[in-house]
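The next block is coords_38.cif, given as mmCIF, C-alpha atoms.
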data_input
#
loop_
_atom_site.label_atom_id
_atom_site.label_comp_id
_atom_site.auth_asym_id
_atom_site.auth_seq_id
_atom_site.Cartn_x
_atom_site.Cartn_y
_atom_site.Cartn_z
CA MET A 213 136.49 182.86 40.02
CA ALA A 214 133.34 181.51 41.67
CA ALA A 215 132.90 182.34 45.36
CA ALA A 216 133.49 179.50 47.77
CA PRO A 217 130.27 178.10 49.23
CA ALA A 218 129.39 179.46 52.67
CA ASP A 219 130.06 177.23 55.65
CA PRO A 220 127.01 175.22 56.75
CA ILE A 221 125.09 176.11 59.90
CA ARG A 222 125.88 173.25 62.24
CA LEU A 223 123.24 171.83 64.60
CA GLY A 224 124.63 169.56 67.31
CA LEU A 225 122.49 166.52 68.10
CA ILE A 226 123.24 165.29 71.64
CA GLU A 227 121.43 161.97 71.96
CA GLY A 228 121.81 158.32 72.88
CA LEU A 229 122.71 156.77 69.54
CA SER A 230 124.06 153.45 70.83
CA GLY A 231 123.19 150.97 73.56
CA PRO A 232 119.68 149.85 74.59
CA LEU A 233 118.09 153.20 73.70
CA GLY A 234 120.03 153.69 70.48
CA ASN A 235 117.06 152.87 68.24
CA GLY A 236 115.18 155.85 69.66
CA GLY A 237 118.14 158.15 69.04
CA GLU A 238 118.52 156.92 65.47
CA ALA A 239 114.81 157.49 64.87
CA VAL A 240 115.27 161.10 66.00
CA PHE A 241 118.30 161.44 63.71
CA ARG A 242 116.26 160.28 60.70
CA ASN A 243 113.59 162.89 61.46
CA LEU A 244 116.13 165.68 61.76
CA ILE A 245 118.10 164.64 58.66
CA TRP A 246 114.89 164.67 56.61
CA ALA A 247 113.95 168.10 57.97
CA THR A 248 117.33 169.59 57.08
CA GLU A 249 117.33 167.92 53.66
CA ARG A 250 114.09 169.70 52.77
CA VAL A 251 115.49 173.07 53.86
CA ASN A 252 118.70 172.50 51.89
CA ALA A 253 116.76 171.36 48.81
CA ARG A 254 115.10 174.77 48.59
CA GLY A 255 118.41 176.60 48.88
CA GLY A 256 119.13 176.60 52.61
CA VAL A 257 118.76 179.39 55.17
CA LYS A 258 118.53 182.78 53.46
CA LEU A 259 120.81 185.23 55.30
CA PRO A 260 122.23 188.66 54.37
CA GLY A 261 125.61 187.16 53.46
CA GLY A 262 124.04 184.49 51.28
CA ALA A 263 122.15 181.24 51.73
CA ARG A 264 123.68 178.58 54.00
CA ARG A 265 122.96 174.87 54.30
CA LEU A 266 122.04 173.12 57.54
CA GLU A 267 124.22 170.29 58.81
CA ILE A 268 123.43 167.86 61.65
CA VAL A 269 126.50 166.96 63.72
CA ARG A 270 125.94 163.69 65.62
CA PHE A 271 127.15 163.31 69.20
CA ASP A 272 126.45 159.99 70.95
CA SER A 273 125.68 160.66 74.63
CA LYS A 274 124.78 157.00 75.27
CA GLY A 275 121.89 158.42 77.30
CA SER A 276 124.27 159.59 80.03
CA VAL A 277 123.96 162.94 81.80
CA GLU A 278 127.72 163.14 82.32
CA GLU A 279 128.48 162.29 78.69
CA SER A 280 125.90 164.84 77.51
CA LEU A 281 127.51 167.60 79.56
CA SER A 282 130.93 166.71 78.16
CA ILE A 283 129.51 166.80 74.63
CA LEU A 284 127.94 170.20 75.28
CA ARG A 285 131.36 171.56 76.20
CA SER A 286 132.79 170.09 72.98
CA ALA A 287 129.97 171.58 70.90
CA THR A 288 130.41 175.06 72.34
CA ASP A 289 134.19 174.78 71.93
CA GLN A 290 133.47 174.16 68.23
CA ARG A 291 131.18 177.22 68.18
CA ILE A 292 128.11 175.17 67.22
CA PRO A 293 125.29 177.69 67.73
CA VAL A 294 122.38 175.28 68.30
CA VAL A 295 122.20 171.98 70.21
CA LEU A 296 119.30 169.53 69.96
CA GLN A 297 118.23 166.93 72.55
CA GLY A 298 115.08 165.36 73.92
CA ASN A 299 115.10 161.67 74.87
CA SER A 300 115.60 162.31 78.60
CA SER A 301 114.26 165.02 80.88
CA ALA A 302 117.16 164.40 83.27
CA VAL A 303 119.64 165.13 80.49
CA ALA A 304 117.63 168.15 79.35
CA SER A 305 117.61 169.58 82.88
CA ALA A 306 121.38 169.21 83.17
CA LEU A 307 121.93 170.79 79.74
CA ILE A 308 119.76 173.79 80.62
CA GLY A 309 121.72 174.48 83.78
CA ALA A 310 125.09 174.03 82.10
CA LEU A 311 124.15 176.19 79.12
CA GLU A 312 122.90 178.99 81.38
CA ARG A 313 126.29 179.07 83.10
CA HIS A 314 128.26 178.75 79.88
CA ASN A 315 126.37 181.50 78.03
CA ALA A 316 126.81 183.90 80.94
CA ARG A 317 130.51 183.07 81.21
CA GLU A 318 131.39 183.04 77.50
CA PRO A 319 129.03 185.32 75.55
CA ASP A 320 131.08 184.99 72.35
CA ARG A 321 130.43 181.23 72.25
CA ARG A 322 126.78 181.07 73.24
CA ALA A 323 124.42 178.35 72.05
CA LEU A 324 120.70 177.67 71.97
CA PHE A 325 119.07 174.45 73.17
CA LEU A 326 116.08 173.13 71.20
CA ASN A 327 114.21 170.30 72.97
CA TYR A 328 112.02 167.96 70.91
CA ALA A 329 110.95 165.34 73.48
CA ALA A 330 111.86 165.99 77.14
CA VAL A 331 108.44 166.61 78.71
CA ASP A 332 109.02 167.40 82.41
CA PRO A 333 106.93 170.58 82.99
CA ALA A 334 109.70 172.00 85.20
CA LEU A 335 111.91 172.50 82.13
CA THR A 336 109.70 175.38 81.01
CA GLY A 337 108.42 176.04 84.54
CA ALA A 338 110.66 176.31 87.58
CA GLN A 339 113.80 175.82 85.47
CA CYS A 340 112.76 177.88 82.44
CA SER A 341 115.64 179.51 80.60
CA PHE A 342 115.96 182.12 77.87
CA TRP A 343 118.29 179.74 76.01
CA HIS A 344 115.92 176.72 76.03
CA PHE A 345 112.91 176.15 73.73
CA ARG A 346 110.63 173.10 73.97
CA PHE A 347 108.78 171.84 70.88
CA ASP A 348 107.02 168.85 72.46
CA ALA A 349 103.84 169.14 74.52
CA HIS A 350 104.82 168.74 78.17
CA THR A 351 103.37 166.19 80.56
CA ASP A 352 100.51 168.36 81.82
CA MET A 353 99.44 169.26 78.27
CA ARG A 354 99.33 165.62 77.23
CA LEU A 355 97.60 164.60 80.45
CA ALA A 356 94.95 167.29 80.08
CA ALA A 357 94.13 165.97 76.60
CA LEU A 358 93.66 162.43 77.93
CA VAL A 359 91.59 163.71 80.86
CA GLU A 360 89.37 165.58 78.40
CA VAL A 361 88.56 162.30 76.65
CA ILE A 362 88.02 160.54 79.99
CA ALA A 363 85.71 163.35 81.11
CA GLN A 364 83.50 162.90 78.06
CA ASP A 365 82.97 159.18 78.71
CA LYS A 366 80.08 159.28 81.15
CA SER A 367 79.86 155.48 81.21
CA LEU A 368 83.31 155.39 82.83
CA LYS A 369 82.90 155.23 86.63
CA ARG A 370 86.03 153.46 87.92
CA LEU A 371 89.62 154.32 86.98
CA TYR A 372 92.98 152.84 88.03
CA LEU A 373 96.21 154.86 88.15
CA ILE A 374 99.51 153.07 87.69
CA GLY A 375 102.94 154.42 86.81
CA GLN A 376 106.70 154.18 87.10
CA ASP A 377 108.25 155.23 90.38
CA TYR A 378 110.43 158.17 89.36
CA SER A 379 109.92 161.91 88.87
CA PHE A 380 107.76 161.62 85.74
CA GLY A 381 105.47 158.93 87.17
CA GLN A 382 105.18 160.71 90.51
CA HIS A 383 104.29 164.03 88.87
CA LEU A 384 101.78 162.37 86.56
CA ARG A 385 100.08 160.66 89.48
CA GLU A 386 99.61 163.93 91.40
CA GLN A 387 98.45 165.91 88.37
CA ALA A 388 96.05 163.19 87.26
CA ARG A 389 94.31 163.22 90.62
CA ALA A 390 94.03 167.01 90.55
CA MET A 391 92.72 167.22 86.97
CA LEU A 392 90.26 164.36 87.42
CA ALA A 393 88.93 165.88 90.64
CA GLU A 394 88.14 169.04 88.69
CA ARG A 395 86.79 167.52 85.47
CA ARG A 396 85.19 164.30 86.80
CA PRO A 397 84.60 164.58 90.57
CA ASP A 398 82.18 161.65 90.31
CA LEU A 399 84.87 159.33 88.94
CA GLN A 400 86.09 156.79 91.46
CA ILE A 401 89.83 156.11 91.52
CA VAL A 402 89.90 152.47 92.58
CA GLY A 403 93.67 152.00 92.57
CA ASP A 404 96.78 154.17 92.65
CA GLU A 405 100.28 152.72 92.67
CA LEU A 406 103.81 153.16 91.41
CA HIS A 407 106.19 150.35 90.48
CA PRO A 408 109.99 150.23 89.95
CA LEU A 409 111.10 151.68 86.61
CA GLY A 410 112.18 149.03 84.12
CA ARG A 411 112.60 146.26 86.70
CA VAL A 412 109.24 144.45 86.67
CA LYS A 413 109.39 141.36 84.47
CA ASP A 414 105.93 140.01 85.29
CA PHE A 415 102.99 142.40 85.45
CA LEU A 416 100.47 139.65 86.15
CA PRO A 417 100.13 140.62 89.86
CA TYR A 418 99.45 144.25 88.84
CA ALA A 419 96.93 143.24 86.18
CA THR A 420 95.21 140.97 88.71
CA LYS A 421 94.88 143.85 91.17
CA ILE A 422 93.45 146.07 88.45
CA ARG A 423 90.86 143.42 87.59
CA SER A 424 89.99 142.89 91.27
CA SER A 425 89.43 146.63 91.70
CA GLY A 426 86.65 146.65 89.13
CA ALA A 427 88.41 149.33 87.07
CA GLN A 428 86.93 150.01 83.65
CA ALA A 429 90.01 151.96 82.50
CA VAL A 430 93.66 152.53 83.39
CA LEU A 431 95.60 155.79 83.12
CA THR A 432 99.37 155.32 82.84
CA GLY A 433 102.49 157.15 81.77
CA ASN A 434 104.37 153.86 81.37
CA TRP A 435 106.64 153.50 78.37
CA GLY A 436 108.79 150.79 76.81
CA ASN A 437 108.57 147.29 78.29
CA ASP A 438 106.72 148.64 81.33
CA LEU A 439 103.83 149.51 79.03
CA THR A 440 103.84 146.52 76.71
CA LEU A 441 104.19 143.98 79.52
CA LEU A 442 101.41 145.63 81.52
CA ILE A 443 98.93 145.58 78.64
CA LYS A 444 99.85 142.04 77.58
CA ALA A 445 99.36 140.84 81.15
CA ALA A 446 95.95 142.51 81.18
CA LYS A 447 95.01 140.68 77.99
CA ASP A 448 96.29 137.34 79.33
CA ILE A 449 93.89 137.47 82.28
CA GLY A 450 90.99 138.76 80.18
CA LEU A 451 90.92 142.25 81.66
CA ASP A 452 88.45 144.26 79.54
CA ALA A 453 89.73 147.76 80.28
CA ARG A 454 90.92 150.68 78.22
CA PHE A 455 94.43 152.04 78.70
CA TYR A 456 94.88 155.80 78.42
CA THR A 457 98.59 156.18 77.67
CA PHE A 458 101.22 158.74 76.75
CA TYR A 459 103.27 156.36 74.61
CA GLY A 460 101.05 153.58 73.30
CA ASN A 461 101.98 154.64 69.76
CA ALA A 462 105.73 154.90 70.45
CA LEU A 463 108.60 153.20 68.65
CA GLY A 464 107.99 149.44 68.51
CA VAL A 465 105.01 149.39 70.86
CA PRO A 466 102.08 148.67 68.46
CA GLY A 467 103.87 145.70 66.91
CA VAL A 468 104.57 144.19 70.32
CA LEU A 469 101.01 144.74 71.57
CA GLY A 470 99.27 143.38 68.49
CA GLU A 471 95.65 142.39 69.09
CA ALA A 472 96.06 143.16 72.81
CA GLY A 473 95.98 146.85 71.98
CA VAL A 474 93.02 147.01 69.59
CA ASP A 475 90.27 149.27 71.00
CA ARG A 476 92.06 149.15 74.37
CA VAL A 477 95.05 151.46 73.96
CA LEU A 478 94.75 155.21 73.49
CA ALA A 479 97.67 157.59 72.99
CA VAL A 480 98.23 161.33 72.73
CA ALA A 481 100.56 163.10 70.28
CA GLU A 482 100.82 166.23 68.14
CA TRP A 483 100.16 164.22 64.95
CA HIS A 484 99.76 160.66 63.72
CA PRO A 485 99.75 159.11 60.21
CA ASN A 486 95.95 158.72 60.10
CA VAL A 487 95.05 162.37 60.66
CA GLY A 488 93.43 162.12 57.25
CA THR A 489 93.96 165.57 55.71
CA ALA A 490 95.50 166.03 52.27
CA ASP A 491 98.48 167.82 53.85
CA SER A 492 99.03 164.95 56.25
CA GLU A 493 98.85 162.34 53.51
CA ARG A 494 101.46 164.16 51.40
CA PHE A 495 103.70 164.68 54.44
CA TYR A 496 103.58 161.03 55.45
CA ALA A 497 103.99 159.72 51.89
CA ALA A 498 107.10 161.88 51.39
CA PHE A 499 108.68 160.56 54.58
CA ARG A 500 107.97 156.93 53.67
CA GLN A 501 109.47 157.51 50.23
CA ARG A 502 112.63 158.82 51.90
CA PHE A 503 112.68 156.03 54.54
CA PRO A 504 110.78 153.04 53.07
CA LYS A 505 111.84 150.36 55.57
CA PRO A 506 108.98 149.50 57.96
CA GLU A 507 111.29 149.71 60.98
CA HIS A 508 112.10 153.32 60.04
CA ASP A 509 108.43 154.36 60.09
CA TYR A 510 108.70 156.80 62.99
CA LEU A 511 107.78 160.34 61.96
CA HIS A 512 107.23 163.25 64.36
CA ALA A 513 105.64 166.42 63.00
CA ARG A 514 106.97 168.48 65.90
CA MET A 515 110.60 167.70 64.98
CA GLN A 516 109.96 168.84 61.43
CA LEU A 517 108.27 172.02 62.65
CA MET A 518 111.16 172.66 65.07
CA ILE A 519 113.68 172.86 62.22
CA GLU A 520 111.36 175.02 60.12
CA MET A 521 110.79 177.42 63.02
CA LEU A 522 114.54 177.63 63.64
CA VAL A 523 115.08 178.51 59.97
CA ALA A 524 112.30 181.11 60.08
CA ALA A 525 113.81 182.67 63.20
CA MET A 526 117.30 182.81 61.66
CA GLU A 527 115.92 184.44 58.53
CA LYS A 528 113.87 186.89 60.60
CA ALA A 529 116.94 187.78 62.68
CA GLY A 530 119.19 187.85 59.64
CA SER A 531 121.73 186.02 61.77
CA THR A 532 122.72 182.74 63.41
CA ASP A 533 123.69 184.52 66.64
CA PRO A 534 121.96 182.57 69.45
CA LYS A 535 120.62 185.66 71.23
CA ALA A 536 119.20 187.15 68.02
CA VAL A 537 117.66 183.81 67.01
CA ALA A 538 116.15 183.33 70.48
CA LEU A 539 114.51 186.76 70.35
CA ALA A 540 113.17 185.98 66.87
CA LEU A 541 111.79 182.62 68.05
CA GLU A 542 109.82 184.23 70.87
CA GLY A 543 106.23 184.70 69.73
CA LEU A 544 106.96 183.15 66.33
CA LYS A 545 103.96 181.54 64.65
CA LEU A 546 104.43 179.09 61.82
CA ASP A 547 102.07 177.03 59.70
CA GLY A 548 104.26 174.27 58.35
CA ARG A 549 101.80 173.04 55.73
CA PRO A 550 103.08 175.22 52.85
CA LEU A 551 106.56 173.83 53.63
CA GLY A 552 105.40 170.21 53.51
CA VAL A 553 104.99 169.76 57.29
CA ALA A 554 101.54 168.72 58.54
CA HIS A 555 101.80 170.78 61.73
CA GLN A 556 101.63 174.30 63.08
CA GLY A 557 102.27 176.16 66.32
CA TRP A 558 103.49 179.30 68.06
CA MET A 559 106.29 179.76 70.57
CA ARG A 560 104.95 181.29 73.80
CA PRO A 561 107.41 184.02 74.86
CA ALA A 562 106.68 183.66 78.59
CA ASP A 563 108.24 180.20 78.92
CA HIS A 564 109.43 179.09 75.46
CA GLN A 565 106.85 176.29 75.35
CA LEU A 566 105.47 175.57 71.87
CA GLN A 567 101.68 175.82 71.76
CA GLN A 568 100.34 173.24 69.33
CA PRO A 569 97.34 171.03 68.55
CA LEU A 570 97.10 167.53 70.02
CA TYR A 571 95.38 164.33 68.92
CA VAL A 572 94.09 161.55 71.14
CA SER A 573 93.84 158.35 69.12
CA VAL A 574 92.89 154.71 69.67
CA MET A 575 94.68 151.63 68.34
CA ARG A 576 92.90 149.84 65.49
CA ARG A 577 93.65 147.29 62.80
CA ALA A 578 95.12 148.85 59.67
CA GLY A 579 92.72 149.04 56.75
CA GLU A 580 89.65 149.76 58.87
CA ALA A 581 87.75 153.03 58.55
CA GLY A 582 89.91 155.92 59.72
CA THR A 583 93.05 153.76 59.88
CA PRO A 584 94.54 153.43 56.39
CA HIS A 585 98.13 153.40 57.67
CA ASP A 586 99.76 151.07 60.18
CA ASN A 587 102.78 151.70 62.41
CA GLU A 588 106.12 150.13 61.38
CA GLY A 589 104.49 147.44 59.26
CA SER A 590 102.76 146.01 62.33
CA GLY A 591 99.29 145.81 60.81
CA TYR A 592 98.01 148.15 63.52
CA GLY A 593 97.59 151.92 63.51
CA PHE A 594 95.74 154.66 65.36
CA ARG A 595 92.47 156.45 64.64
CA THR A 596 91.62 159.91 65.97
CA THR A 597 89.08 160.04 68.78
CA ARG A 598 89.62 163.65 69.85
CA PHE A 599 91.38 166.70 68.37
CA LEU A 600 92.35 169.67 70.53
CA ASP A 601 93.50 172.88 68.88
CA ALA A 602 96.40 174.84 70.35
CA ALA A 603 94.14 177.00 72.54
CA GLN A 604 92.44 173.92 74.00
CA ALA A 605 95.78 172.19 74.65
CA GLU A 606 97.40 175.20 76.31
CA GLN A 607 98.27 175.09 80.01
CA PRO A 608 99.18 178.05 82.26
CA SER A 609 102.79 179.22 82.40
CA ARG A 610 104.65 178.97 85.72
CA CYS A 611 107.88 180.44 84.41
CA ARG A 612 109.76 183.36 85.93
CA MET A 613 112.45 183.72 83.34
CA ARG A 614 115.71 185.52 84.12
CA ARG A 615 116.78 187.38 81.00
CA GLN A 616 120.47 187.74 81.72
CA TYR A 617 121.97 188.31 78.29
#

Turn this file's structure into structure tokens for me.
Amino acid sequence: MAAAPADPIRLGLIEGLSGPLGNGGEAVFRNLIWATERVNARGGVKLPGGARRLEIVRFDSKGSVEESLSILRSATDQRIPVVLQGNSSAVASALIGALERHNAREPDRRALFLNYAAVDPALTGAQCSFWHFRFDAHTDMRLAALVEVIAQDKSLKRLYLIGQDYSFGQHLREQARAMLAERRPDLQIVGDELHPLGRVKDFLPYATKIRSSGAQAVLTGNWGNDLTLLIKAAKDIGLDARFYTFYGNALGVPGVLGEAGVDRVLAVAEWHPNVGTADSERFYAAFRQRFPKPEHDYLHARMQLMIEMLVAAMEKAGSTDPKAVALALEGLKLDGRPLGVAHQGWMRPADHQLQQPLYVSVMRRAGEAGTPHDNEGSGYGFRTTRFLDAAQAEQPSRCRMRRQY
């Protein structure tokens, strides 16, 4: 009689999958499904007791901290060994604290937390935890990459800072001033303000102030409507300024910006479709074959690498036990290219922050030199202006990790 197939290794996705932010959660789900499909297609995770498939278990948090914490309890009750989340630093912070307490209290039902998008530096700094691993570049890493590009533009003399008035925007504002003072002490900051998060419907007054200041460029962490409305208002009044952004290439943004973003909007990410290498072209083509609809064109290399690094750590540990996998993840280096992932990185043991390359890119019309691919069928894509390898993108660790296991 043939042996029964081994139970799959379940990965619990805790994310907003409905409501106003549901499209972002579903985009994450597509990335993670594709990553697990590739692992399963080559036989699954190779463990001493036999190979096991990966399975994503969806939990809809609706973007709520309280709902996320309830789901975490459900996941650990089900003995799911790994939870995944990222689309909110507030949720990530709450999950880290709750998981620390749970793992100390119930060592036979421990879980790991893999973070693919929550970028508050405190998550791997003041709040760093043995049970939490971040695979996205945090705010200071992304900011340093943008500041590097700003520093090289000697024609830029006047810069305006604008952001959303909450923890992320406040931190970005302080760090931007500090980094610019070090890298470009001659640069004049001609404006610095925060606005309410998600409540401004008309950015014309802000764009008018930016124009009146004489700013040649704007640095902003704005995302969603706060970004698109700001840049469209700037275009409407004829403001000829560049926008250095964190999320100008994010879900839905290029299509909304259209011509307003061409040559004006720069973004920073670990990868983009126009990187131009043979590995990148194969990686992107395979994803588009799996998800051909233009509105599904939202691929993140870091999410693919996260799953591959988890598999490598499980195989190295010979176990799915969260403690053993965490120890195997620490210091792990992985080049994803032989596995069909156009990305690479290593997990810094001191704070569990992935060290990875970053690209700064500028929005261009698709079909132009360096921009063969557009974003989501919009007709607009991004072209690399600066590449930073992992050593150049690295920022100091401020973690004092308590290893209570």

Hey, could you make a per-residue contact list for range 429-479 of chain A against range 235-240 of chain A with 10 Å as the cut-off, showing the nearest pair of atoms and its distance in Å to one decimal, counting all atoms listed in the file, sorted by chain and number, as JSON lines?
{"residue": "A:Ala462", "atom": "CA", "partner": "A:Gly236", "partner_atom": "CA", "distance": 9.5}
{"residue": "A:Leu463", "atom": "CA", "partner": "A:Gly236", "partner_atom": "CA", "distance": 7.2}
{"residue": "A:Gly464", "atom": "CA", "partner": "A:Asn235", "partner_atom": "CA", "distance": 9.7}

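Here CA of Gly309 in chain A stands at a distance of 14.9 Å from CA of Arg346 in chain A.
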
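Here CA of Tyr456 in chain A is placed at a distance of 13.1 Å from CA of Phe594 in chain A.
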
task = Would you please work out which residue, of A:Trp435, A:Trp343, A:Trp483, A:Tyr418, is nearest to Arg313 in chain A when using all atoms listed in the file?
result = A:Trp343

To test your reading of the syntax: which residues would the PyMOL selection byres ((chain A and resi 440) around 12) return for the file shown? Reply as a PDB file with C-alpha atoms, keeping the file's coordinate frame.
ATOM      1  CA  GLY A 410     112.180 149.030  84.120  1.00  0.00           C
ATOM      2  CA  VAL A 412     109.240 144.450  86.670  1.00  0.00           C
ATOM      3  CA  LYS A 413     109.390 141.360  84.470  1.00  0.00           C
ATOM      4  CA  ASP A 414     105.930 140.010  85.290  1.00  0.00           C
ATOM      5  CA  PHE A 415     102.990 142.400  85.450  1.00  0.00           C
ATOM      6  CA  THR A 432      99.370 155.320  82.840  1.00  0.00           C
ATOM      7  CA  GLY A 433     102.490 157.150  81.770  1.00  0.00           C
ATOM      8  CA  ASN A 434     104.370 153.860  81.370  1.00  0.00           C
ATOM      9  CA  TRP A 435     106.640 153.500  78.370  1.00  0.00           C
ATOM     10  CA  GLY A 436     108.790 150.790  76.810  1.00  0.00           C
ATOM     11  CA  ASN A 437     108.570 147.290  78.290  1.00  0.00           C
ATOM     12  CA  ASP A 438     106.720 148.640  81.330  1.00  0.00           C
ATOM     13  CA  LEU A 439     103.830 149.510  79.030  1.00  0.00           C
ATOM     14  CA  LEU A 441     104.190 143.980  79.520  1.00  0.00           C
ATOM     15  CA  LEU A 442     101.410 145.630  81.520  1.00  0.00           C
ATOM     16  CA  ILE A 443      98.930 145.580  78.640  1.00  0.00           C
ATOM     17  CA  LYS A 444      99.850 142.040  77.580  1.00  0.00           C
ATOM     18  CA  ALA A 445      99.360 140.840  81.150  1.00  0.00           C
ATOM     19  CA  ALA A 446      95.950 142.510  81.180  1.00  0.00           C
ATOM     20  CA  LYS A 447      95.010 140.680  77.990  1.00  0.00           C
ATOM     21  CA  PHE A 455      94.430 152.040  78.700  1.00  0.00           C
ATOM     22  CA  THR A 457      98.590 156.180  77.670  1.00  0.00           C
ATOM     23  CA  TYR A 459     103.270 156.360  74.610  1.00  0.00           C
ATOM     24  CA  GLY A 460     101.050 153.580  73.300  1.00  0.00           C
ATOM     25  CA  ASN A 461     101.980 154.640  69.760  1.00  0.00           C
ATOM     26  CA  ALA A 462     105.730 154.900  70.450  1.00  0.00           C
ATOM     27  CA  LEU A 463     108.600 153.200  68.650  1.00  0.00           C
ATOM     28  CA  GLY A 464     107.990 149.440  68.510  1.00  0.00           C
ATOM     29  CA  VAL A 465     105.010 149.390  70.860  1.00  0.00           C
ATOM     30  CA  PRO A 466     102.080 148.670  68.460  1.00  0.00           C
ATOM     31  CA  GLY A 467     103.870 145.700  66.910  1.00  0.00           C
ATOM     32  CA  VAL A 468     104.570 144.190  70.320  1.00  0.00           C
ATOM     33  CA  LEU A 469     101.010 144.740  71.570  1.00  0.00           C
ATOM     34  CA  GLY A 470      99.270 143.380  68.490  1.00  0.00           C
ATOM     35  CA  GLU A 471      95.650 142.390  69.090  1.00  0.00           C
ATOM     36  CA  ALA A 472      96.060 143.160  72.810  1.00  0.00           C
ATOM     37  CA  GLY A 473      95.980 146.850  71.980  1.00  0.00           C
ATOM     38  CA  VAL A 477      95.050 151.460  73.960  1.00  0.00           C
TER      39      VAL A 477
END

ask   = If you measure from CA of Gly255 in chain A to CA of Leu223 in chain A, what distance in Å do you get, rounded to one decimal?
value = 17.1 Å

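If only C-alpha atoms are the atoms counted, then among A:Ala323, A:Leu259, A:Ile449, A:Leu566 the closest residue to Arg285 in chain A is A:Ala323.
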
key: Among the residues A:Asn327, A:Ser531, A:Thr596, A:Asn243, the one that comes closest to Ala263 in chain A [using all atoms listed in the file]   = A:Ser531

Here's the selection I'm unsure about, the PyMOL selection byres ((chain A and resi 537) around 10); applied to the file above, which residues does it give, as an mmCIF file with C-alpha atoms, in the frame of the given file?
data_model
loop_
_atom_site.group_PDB
_atom_site.id
_atom_site.type_symbol
_atom_site.label_atom_id
_atom_site.label_comp_id
_atom_site.auth_asym_id
_atom_site.auth_seq_id
_atom_site.Cartn_x
_atom_site.Cartn_y
_atom_site.Cartn_z
ATOM 1 C CA PRO A 293 125.290 177.690 67.730
ATOM 2 C CA VAL A 294 122.380 175.280 68.300
ATOM 3 C CA LEU A 324 120.700 177.670 71.970
ATOM 4 C CA TRP A 343 118.290 179.740 76.010
ATOM 5 C CA LEU A 522 114.540 177.630 63.640
ATOM 6 C CA VAL A 523 115.080 178.510 59.970
ATOM 7 C CA ALA A 524 112.300 181.110 60.080
ATOM 8 C CA ALA A 525 113.810 182.670 63.200
ATOM 9 C CA MET A 526 117.300 182.810 61.660
ATOM 10 C CA GLU A 527 115.920 184.440 58.530
ATOM 11 C CA LYS A 528 113.870 186.890 60.600
ATOM 12 C CA ALA A 529 116.940 187.780 62.680
ATOM 13 C CA GLY A 530 119.190 187.850 59.640
ATOM 14 C CA SER A 531 121.730 186.020 61.770
ATOM 15 C CA THR A 532 122.720 182.740 63.410
ATOM 16 C CA ASP A 533 123.690 184.520 66.640
ATOM 17 C CA PRO A 534 121.960 182.570 69.450
ATOM 18 C CA LYS A 535 120.620 185.660 71.230
ATOM 19 C CA ALA A 536 119.200 187.150 68.020
ATOM 20 C CA ALA A 538 116.150 183.330 70.480
ATOM 21 C CA LEU A 539 114.510 186.760 70.350
ATOM 22 C CA ALA A 540 113.170 185.980 66.870
ATOM 23 C CA LEU A 541 111.790 182.620 68.050
ATOM 24 C CA GLU A 542 109.820 184.230 70.870
#

task = Run the PyMOL selection byres ((chain A and resi 308) around 12) against the file shown and list the residues it catches, as a VMD selection string.
result = chain A and resid 277 280 to 281 284 295 to 298 301 to 307 309 to 315 323 to 327 330 334 to 336 338 to 346

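Residues in contact with Val359 in chain A at up to 10 Å, not including ones fewer than 5 positions away on its chain and judged by all atoms listed in the file, are Met353, Arg354, Gln364, Asp365, Ala388, Met391, Leu392, Arg395, Arg396, Leu431 and Tyr456 of chain A.
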
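Nearest residue to Asp348 in chain A, choosing from A:Val251, A:Leu406, A:Ala581, A:Met515 and counting only C-alpha atoms: A:Met515.
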
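Ranking A:Leu358, A:Leu544, A:Met521, A:Ile268 by their shortest atom-to-atom distance to Arg598 in chain A, with all atoms listed in the file included, puts A:Leu358 first.
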
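If you count all atoms listed in the file and ignore residues fewer than 5 places along the chain from Arg576 in chain A, what sits within 7 Å of it is Val474, Asp475, Thr583, Tyr592, Gly593, Phe594 and Arg595 of chain A.
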
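Every protein, DNA or RNA residue with an atom at most 9 Å from Gln604 in chain A, where only C-alpha atoms count and chain neighbours fewer than 4 positions away do not, is listed here: A:Ala357, A:Pro569, A:Leu570, A:Leu600.
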
For the residues in the current selection, export C-alpha atoms as a PDB file, in the frame of the given file.
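Output file result.pdb follows:
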ATOM      1  CA  ALA A 357      94.130 165.970  76.600  1.00  0.00           C
ATOM      2  CA  PRO A 569      97.340 171.030  68.550  1.00  0.00           C
ATOM      3  CA  LEU A 570      97.100 167.530  70.020  1.00  0.00           C
ATOM      4  CA  LEU A 600      92.350 169.670  70.530  1.00  0.00           C
TER       5      LEU A 600
END

In the coordinate frame of the file, compute which residues have an atom within 10 Å of (99.8, 161.1, 91.1) when using all atoms listed in the file, and state them as a CSV table (one decimal) with C-alpha atoms, in the frame of the given file.
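And here's out-v9.csv as it stands now:
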chain,number,residue,atom,x,y,z
A,373,LEU,CA,96.2,154.9,88.2
A,374,ILE,CA,99.5,153.1,87.7
A,375,GLY,CA,102.9,154.4,86.8
A,380,PHE,CA,107.8,161.6,85.7
A,381,GLY,CA,105.5,158.9,87.2
A,382,GLN,CA,105.2,160.7,90.5
A,383,HIS,CA,104.3,164.0,88.9
A,384,LEU,CA,101.8,162.4,86.6
A,385,ARG,CA,100.1,160.7,89.5
A,386,GLU,CA,99.6,163.9,91.4
A,387,GLN,CA,98.4,165.9,88.4
A,388,ALA,CA,96.0,163.2,87.3
A,389,ARG,CA,94.3,163.2,90.6
A,390,ALA,CA,94.0,167.0,90.6
A,404,ASP,CA,96.8,154.2,92.6
A,405,GLU,CA,100.3,152.7,92.7
A,406,LEU,CA,103.8,153.2,91.4
